[in-house]
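K.L.:
Provided herewith is a single structure, encoded as structure tokens, for subsequent inquiry.
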Amino acid sequence: MARQKILVVDDDPDLVRALRLRLRANNFEVATATDGYTAIAAAQKERPSLIILDLGLPVGDGFVVLDRLQSIDALSSIPIIVLSARDPQSNEERALKAGAAAFFQKPADNDELMNVIRVSLAPGQQQMAPWPS
Amino acid sequence: MDQPTTQVLLIEDNPGDADLVRLRLVEGKTPVNVNCVNRLSEGLAALSKESPSVVLLDLNLPDSHGAETFRRVLEHSPNVPVVVLSGQDDEALAAKAIHQGAQDYLIKGNISSKHLERAIRYAVERQALLRALEITQKQQLEFKNQFLSHVSHELRTPLTCIHQYVTLLLDGLAGPIAPDQGDHLKTVLKSVNQLHAMIRDLLEATRAESGKLRVESRCIALGELLHQTAAMLRPTANEKQIGLEIALDQRLPLVLADPDRILEVLINLVDNAIKFTPPEGAVMLQASMVDADPSSVYVAVSDTGRGVTPEAKTLIFERLYQDGDSIDNNRSGLGLGLFICKEIVKLHQGRIWVSSEPGQGSTFTFTLPVYSLAKLLTPVVTYQNQLRPSFVLVCVELTPLTSPPRGNWKETWHQGLETLRHCVYLDKDLVLPPMGAAGASETFYVVASTDLQRSEVMTARIREQLERVVNLQSKCTVTISAVQIELPAANPGESLERQVQTLAESVSGMILKNMDRKQFSAPKAPGSN
């Protein structure tokens, strides 16, 4: 099976490098972007299976990226995990409402992050569950 | 120079007094416009329509008397300056109003126009100053909170980078490392975690101060939390060769508390105890009942450290308090831990204190309310001193679609619970605190003062509202059911208290049965009711 691709978006290149190493070690292919504009371009070009997204980004912050990705049909089903230093009390709900699958505050626990990445990539995650009648 | 017209609202029921005050006002040099009413209700109505420069208030009116009159004006219009008009015989009352926030008082029959004019001018000026001060204070607090939140964010960014690279090295993802190098990296990681905890405390303390600390109370057993705390801190205690013991009262009742928050308090207290106890000492975690106070559980953390001085006892729970000569003073922290503990305990309607003899160790004790279903039910299930006629138990179950759940499960069920709370009548229905520690699935119960047929409206509303919660459907299934609560006929002359108790016991019995059913039977297929 081909390795799944993850797009890492963060304006701190050092952190991007570390995440790339860790994700590769976990058998993922990694694409990266360091601002909001290139993040959307990279998503369109690379068609990743999952996106790890920072909120404080230059050229269109994380919420702009979330909105943009949701509005593009071909990209709207890619699960997005927000990884941000911002306070979850005021940003988590907003991010989830904007379509994020999960919110992690930096620094995040590596095992938990990997776990949620695996769950989000598991087959059958994309379609909505039927509502009980 | 043209002076602006002073708008005066005169609330005075005695026509003679009113005319006299009006006359004195008109005699003055300042242009005034007087609106005179003779009842408090009319005064409050006038205050709703317009905002006068000043209120001249007689305290004894046909529809309100004494201090109450001023209190109601203050409550209605806290920003309008009030000058109390008092008789010779109730000057003490007027002085009391000053204490509560009135700007001045004047003795009727003793008022000159000059005197009155000056009293009004000063009242207006002072009120404006007070208002400006209040706004400045609010802005300062807001600025401080924003600043701290910004700092916490900025500190997290480089910390995340350090954390990532240290764990990369430790996990061997950048090549093999020698054992002693691994030890050094573990030391770095420990410091990173300490720094992380401090940043969290900083934000937590800011939240506590601005009243934004959130507490989601559940009905829980404390024993588990005590064991969890001990398990987390045993490695630290072992390192210093400090014994860590737990003593639990065998008949400890359930308490109403937020398990995450109380765990935070316990970890803070035990961590402190270990920090201030010399090697080979002991730290004891205790939970017990006290005969004199049956509605609380007492949780105590005691150590064999050098104790707390009498002067420090009162200061120790204040923000940024630092112990002068801590044993471990290279790692004394920010001095926010006990402040956060105090704020969390306060939000649980509990108390926290320390008792200590210097050299004999110290004991930090806090109280938590015992969970009493009858007490929670009383205000909603009784009406005019009688038990309402019929009750339904509504059960709403949220089961995550995946394991582990997608997104933040706590946030998900919390949203569900909040939605549920908006679907009930606050005066006759009660959303019960969730039972037990937060688990893989969440079941919420509502005791509704209605019958089974009418409860369908409520369950339909709950379903409709939950469907509107964004993303809920992609994370969990929702099962809603409703059961009539069967009550034994009340014995004639049975007290209301006893009847509520019987209802509470029935509800508890039904919930326990439901929990057992879930525990022992295979999970139901999603979608079945």
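Simple scheme: letters A, B, ... for chains in structure tokens order, numbers from 1 for residues in each chain, numbers from 1 for ligands in the order shown.
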Per residue of chain B within 9 Å of chain A, record the nearest atom pair and its distance in Å to one decimal, counting only C-alpha atoms, with rows in chain order and ascending residue number, as CSV.
P.N.:
residue,atom,partner,partner_atom,distance
B:Ser149,CA,A:Asp87,CA,7.7
B:His150,CA,A:Arg86,CA,8.7
B:Ser152,CA,A:Ala85,CA,8.3
B:His153,CA,A:Ala85,CA,5.4
B:Glu154,CA,A:Ala85,CA,7.8
B:Leu155,CA,A:Ala85,CA,8.7
B:Arg156,CA,A:Ala85,CA,5.8
B:Thr157,CA,A:Ala85,CA,6.3
B:Pro158,CA,A:Leu15,CA,8.9
B:Leu159,CA,A:Pro107,CA,7.0
B:Thr160,CA,A:Pro107,CA,4.5
B:Cys161,CA,A:Leu15,CA,5.4
B:Ile162,CA,A:Leu15,CA,8.8
B:His163,CA,A:Pro107,CA,6.9
B:Gln164,CA,A:Ala18,CA,6.3
B:Tyr165,CA,A:Ala18,CA,6.3
B:Thr167,CA,A:Asn110,CA,8.4
B:Leu168,CA,A:Arg22,CA,6.9
B:Leu173,CA,A:Ala25,CA,6.7
B:Ala174,CA,A:Leu21,CA,8.0
B:His196,CA,A:Pro107,CA,8.0
B:Leu203,CA,A:Asp87,CA,8.7
B:Leu401,CA,A:Ala129,CA,7.9
B:Thr402,CA,A:Val119,CA,7.5
B:Ser403,CA,A:Val119,CA,7.7
B:Pro404,CA,A:Val119,CA,7.2
B:Pro405,CA,A:Val119,CA,8.1
B:Arg406,CA,A:Ala101,CA,6.5
B:Gly407,CA,A:Ala102,CA,3.8
B:Asn408,CA,A:Ala102,CA,6.2
B:Glu411,CA,A:Glu93,CA,7.8
B:Glu467,CA,A:Trp131,CA,8.1
B:Val470,CA,A:Lys97,CA,6.3
B:Asn471,CA,A:Lys97,CA,7.0
B:Gln473,CA,A:Ala129,CA,6.2
B:Ser474,CA,A:Met128,CA,5.1
B:Lys475,CA,A:Ala129,CA,7.9
B:Cys476,CA,A:Ala129,CA,7.9
B:Thr477,CA,A:Trp131,CA,6.9
B:Val478,CA,A:Pro132,CA,6.7
B:Thr479,CA,A:Pro132,CA,7.1
B:Pro526,CA,A:Pro132,CA,6.9
B:Gly527,CA,A:Pro132,CA,3.9
B:Ser528,CA,A:Pro132,CA,6.9
B:Asn529,CA,A:Pro132,CA,8.2
K.L.:
Once you have the residues from the selection above, write them out as a JSON list (two decimals), in the first residue's frame, restricted to C-alpha atoms.
P.N.:
[["chain", "number", "residue", "atom", "x", "y", "z"],
["B", 149, "SER", "CA", -2.52, 35.17, 27.36],
["B", 150, "HIS", "CA", -0.17, 36.59, 24.74],
["B", 152, "SER", "CA", 1.70, 32.25, 27.38],
["B", 153, "HIS", "CA", 1.23, 31.83, 23.64],
["B", 154, "GLU", "CA", 4.65, 33.24, 22.81],
["B", 155, "LEU", "CA", 6.36, 31.03, 25.40],
["B", 156, "ARG", "CA", 4.67, 27.92, 24.08],
["B", 157, "THR", "CA", 6.08, 28.30, 20.58],
["B", 158, "PRO", "CA", 9.79, 27.83, 21.41],
["B", 159, "LEU", "CA", 8.88, 25.35, 24.15],
["B", 160, "THR", "CA", 7.10, 23.20, 21.57],
["B", 161, "CYS", "CA", 10.21, 23.19, 19.44],
["B", 162, "ILE", "CA", 12.42, 22.10, 22.35],
["B", 163, "HIS", "CA", 9.88, 19.45, 23.31],
["B", 164, "GLN", "CA", 9.73, 18.06, 19.76],
["B", 165, "TYR", "CA", 13.51, 17.82, 19.33],
["B", 167, "THR", "CA", 11.49, 13.66, 22.20],
["B", 168, "LEU", "CA", 12.86, 13.02, 18.69],
["B", 173, "LEU", "CA", 14.29, 8.92, 15.65],
["B", 174, "ALA", "CA", 17.51, 10.81, 14.95],
["B", 196, "HIS", "CA", 5.00, 23.78, 30.50],
["B", 203, "LEU", "CA", -3.04, 31.10, 32.22],
["B", 401, "LEU", "CA", -18.36, 6.45, 16.69],
["B", 402, "THR", "CA", -14.68, 5.69, 17.00],
["B", 403, "SER", "CA", -12.24, 4.68, 19.68],
["B", 404, "PRO", "CA", -10.52, 6.92, 20.58],
["B", 405, "PRO", "CA", -13.25, 9.45, 19.73],
["B", 406, "ARG", "CA", -12.74, 11.97, 16.96],
["B", 407, "GLY", "CA", -11.78, 15.40, 18.19],
["B", 408, "ASN", "CA", -11.85, 16.30, 21.85],
["B", 411, "GLU", "CA", -15.59, 19.17, 24.39],
["B", 467, "GLU", "CA", -29.07, 17.61, 15.62],
["B", 470, "VAL", "CA", -22.36, 21.24, 14.46],
["B", 471, "ASN", "CA", -20.19, 18.15, 13.99],
["B", 473, "GLN", "CA", -23.26, 13.68, 14.27],
["B", 474, "SER", "CA", -19.84, 12.97, 12.82],
["B", 475, "LYS", "CA", -18.52, 12.08, 16.26],
["B", 476, "CYS", "CA", -21.18, 10.15, 18.13],
["B", 477, "THR", "CA", -24.56, 8.49, 18.04],
["B", 478, "VAL", "CA", -27.33, 9.88, 20.19],
["B", 479, "THR", "CA", -29.91, 7.69, 21.90],
["B", 526, "PRO", "CA", -26.54, 2.65, 17.11],
["B", 527, "GLY", "CA", -29.87, 4.13, 16.27],
["B", 528, "SER", "CA", -32.10, 1.85, 18.33],
["B", 529, "ASN", "CA", -34.08, 3.51, 21.05]]
K.L.:
Could you pull out the alpha helix (DSSP H) residues of region 289-501 of chain B from DSSP and send them as a ChimeraX atom specification?
P.N.:
/B:310-315,337-347,373-381,409-421,452-468,496-501
K.L.:
Using only C-alpha atoms, determine which residues lie at most 12 Å from region 65-77 of chain A, disregarding the query and same-chain residues fewer than 2 positions distant; provide the list as a PyMOL selection string.
P.N.:
chain A and resi 9-10+33-63+79-82+94-101+120-121+124-128
K.L.:
Quick one: write out the picked residues with N, CA and C atoms as a short mmCIF file (atom, residue, chain, number, x, y, z; two decimals), in the first residue's frame?
P.N.:
data_model
loop_
_atom_site.label_atom_id
_atom_site.label_comp_id
_atom_site.auth_asym_id
_atom_site.auth_seq_id
_atom_site.Cartn_x
_atom_site.Cartn_y
_atom_site.Cartn_z
N VAL A 9 1.46 22.30 8.19
CA VAL A 9 1.47 23.75 7.97
C VAL A 9 1.81 24.45 9.28
N ASP A 10 2.97 25.10 9.33
CA ASP A 10 3.37 25.84 10.53
C ASP A 10 4.41 26.86 10.10
N ALA A 33 4.18 23.42 4.41
CA ALA A 33 3.93 24.80 4.00
C ALA A 33 4.11 25.67 5.23
N THR A 34 4.54 26.92 5.04
CA THR A 34 4.79 27.77 6.20
C THR A 34 3.92 29.03 6.22
N ASP A 35 2.97 29.15 5.30
CA ASP A 35 2.00 30.24 5.41
C ASP A 35 0.65 29.80 4.85
N GLY A 36 -0.35 30.63 5.08
CA GLY A 36 -1.71 30.26 4.71
C GLY A 36 -1.90 30.09 3.22
N TYR A 37 -1.28 30.96 2.45
CA TYR A 37 -1.47 30.93 1.00
C TYR A 37 -0.87 29.66 0.40
N THR A 38 0.41 29.38 0.75
CA THR A 38 1.04 28.18 0.18
C THR A 38 0.39 26.92 0.72
N ALA A 39 -0.21 27.01 1.92
CA ALA A 39 -0.88 25.83 2.48
C ALA A 39 -1.99 25.37 1.55
N ILE A 40 -2.80 26.34 1.06
CA ILE A 40 -3.92 25.97 0.19
C ILE A 40 -3.40 25.46 -1.16
N ALA A 41 -2.36 26.14 -1.67
CA ALA A 41 -1.76 25.70 -2.93
C ALA A 41 -1.20 24.29 -2.78
N ALA A 42 -0.52 24.03 -1.65
CA ALA A 42 0.07 22.71 -1.43
C ALA A 42 -1.01 21.65 -1.30
N ALA A 43 -2.12 22.01 -0.63
CA ALA A 43 -3.22 21.04 -0.47
C ALA A 43 -3.76 20.66 -1.84
N GLN A 44 -3.88 21.67 -2.74
CA GLN A 44 -4.42 21.39 -4.07
C GLN A 44 -3.47 20.54 -4.89
N LYS A 45 -2.18 20.82 -4.76
CA LYS A 45 -1.19 20.12 -5.57
C LYS A 45 -0.93 18.72 -5.01
N GLU A 46 -0.75 18.62 -3.71
CA GLU A 46 -0.31 17.36 -3.12
C GLU A 46 -1.45 16.40 -2.78
N ARG A 47 -2.68 16.93 -2.66
CA ARG A 47 -3.82 16.10 -2.24
C ARG A 47 -3.46 15.19 -1.05
N PRO A 48 -3.12 15.79 0.10
CA PRO A 48 -2.73 14.96 1.25
C PRO A 48 -3.93 14.21 1.83
N SER A 49 -3.65 13.16 2.59
CA SER A 49 -4.72 12.42 3.25
C SER A 49 -5.14 13.12 4.53
N LEU A 50 -4.25 13.99 5.06
CA LEU A 50 -4.52 14.67 6.33
C LEU A 50 -3.67 15.94 6.40
N ILE A 51 -4.17 16.95 7.12
CA ILE A 51 -3.42 18.19 7.26
C ILE A 51 -3.24 18.52 8.74
N ILE A 52 -2.01 18.83 9.13
CA ILE A 52 -1.76 19.35 10.48
C ILE A 52 -1.57 20.85 10.32
N LEU A 53 -2.43 21.64 11.01
CA LEU A 53 -2.51 23.06 10.72
C LEU A 53 -2.32 23.92 11.97
N ASP A 54 -1.39 24.86 11.88
CA ASP A 54 -1.19 25.86 12.93
C ASP A 54 -2.24 26.95 12.74
N LEU A 55 -2.54 27.72 13.79
CA LEU A 55 -3.54 28.80 13.60
C LEU A 55 -2.89 30.15 13.29
N GLY A 56 -1.81 30.47 14.02
CA GLY A 56 -1.16 31.76 13.79
C GLY A 56 -0.22 31.66 12.61
N LEU A 57 -0.72 32.02 11.41
CA LEU A 57 0.09 31.90 10.20
C LEU A 57 0.11 33.22 9.46
N PRO A 58 1.23 33.53 8.77
CA PRO A 58 1.21 34.70 7.91
C PRO A 58 0.42 34.42 6.63
N VAL A 59 0.02 35.44 5.94
CA VAL A 59 -0.71 35.35 4.67
C VAL A 59 -1.94 34.43 4.79
N GLY A 60 -2.88 34.81 5.66
CA GLY A 60 -4.09 34.01 5.85
C GLY A 60 -3.90 33.08 7.02
N ASP A 61 -4.50 33.39 8.17
CA ASP A 61 -4.25 32.54 9.35
C ASP A 61 -5.00 31.21 9.23
N GLY A 62 -4.84 30.37 10.26
CA GLY A 62 -5.38 29.02 10.20
C GLY A 62 -6.88 28.97 9.95
N PHE A 63 -7.62 29.95 10.49
CA PHE A 63 -9.07 29.94 10.28
C PHE A 63 -9.42 30.24 8.82
N PRO A 79 -9.29 15.36 6.50
CA PRO A 79 -9.32 15.69 7.93
C PRO A 79 -8.20 16.66 8.30
N ILE A 80 -8.54 17.64 9.15
CA ILE A 80 -7.56 18.64 9.55
C ILE A 80 -7.39 18.60 11.07
N ILE A 81 -6.15 18.46 11.51
CA ILE A 81 -5.87 18.50 12.94
C ILE A 81 -5.18 19.83 13.23
N VAL A 82 -5.81 20.63 14.09
CA VAL A 82 -5.22 21.91 14.43
C VAL A 82 -4.21 21.70 15.56
N ARG A 94 -14.19 27.03 18.10
CA ARG A 94 -14.24 27.74 16.83
C ARG A 94 -13.60 26.91 15.72
N ALA A 95 -12.46 26.28 16.05
CA ALA A 95 -11.76 25.47 15.04
C ALA A 95 -12.60 24.25 14.66
N LEU A 96 -13.22 23.61 15.67
CA LEU A 96 -14.02 22.41 15.38
C LEU A 96 -15.23 22.80 14.54
N LYS A 97 -15.82 23.96 14.88
CA LYS A 97 -16.98 24.42 14.11
C LYS A 97 -16.58 24.74 12.68
N ALA A 98 -15.34 25.21 12.51
CA ALA A 98 -14.89 25.55 11.16
C ALA A 98 -14.50 24.31 10.37
N GLY A 99 -14.61 23.13 11.00
CA GLY A 99 -14.39 21.91 10.25
C GLY A 99 -13.19 21.08 10.67
N ALA A 100 -12.44 21.53 11.68
CA ALA A 100 -11.29 20.74 12.12
C ALA A 100 -11.78 19.46 12.78
N ALA A 101 -10.97 18.39 12.65
CA ALA A 101 -11.35 17.12 13.26
C ALA A 101 -10.91 17.07 14.71
N SER A 120 -8.14 9.44 12.50
CA SER A 120 -8.71 10.29 11.45
C SER A 120 -8.48 9.71 10.06
N LEU A 121 -7.42 8.91 9.93
CA LEU A 121 -7.12 8.33 8.62
C LEU A 121 -7.79 6.98 8.40
N GLY A 124 -13.61 4.92 6.49
CA GLY A 124 -14.96 5.11 7.01
C GLY A 124 -15.10 6.37 7.83
N GLN A 125 -14.02 7.13 7.97
CA GLN A 125 -14.10 8.34 8.77
C GLN A 125 -14.72 9.51 8.01
N GLN A 126 -14.63 9.41 6.69
CA GLN A 126 -15.02 10.57 5.90
C GLN A 126 -16.53 10.83 5.88
N GLN A 127 -17.31 9.73 5.73
CA GLN A 127 -18.75 10.00 5.62
C GLN A 127 -19.39 10.22 6.98
N MET A 128 -20.46 10.98 6.98
CA MET A 128 -21.19 11.28 8.20
C MET A 128 -21.92 10.04 8.69
#
K.L.:
Excluding Asp13 (chain B) and its own-chain neighbours fewer than 5 positions away, which residues fall within 8 Å of it when counting only C-alpha atoms? Please give them as a list in words.
P.N.:
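Listing them by chain and then by number gives Ala18, Val37, Asn38, Arg39, Asp58, Leu61 and Pro62 of chain B.
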K.L.:
What is the distance, in Å and to one decimal place, between CA of Ala374 (chain B) and CA of Ala504 (chain B)?
P.N.:
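Straight-line distance from CA of Ala374 (chain B) to CA of Ala504 (chain B) works out to 5.3 Å.
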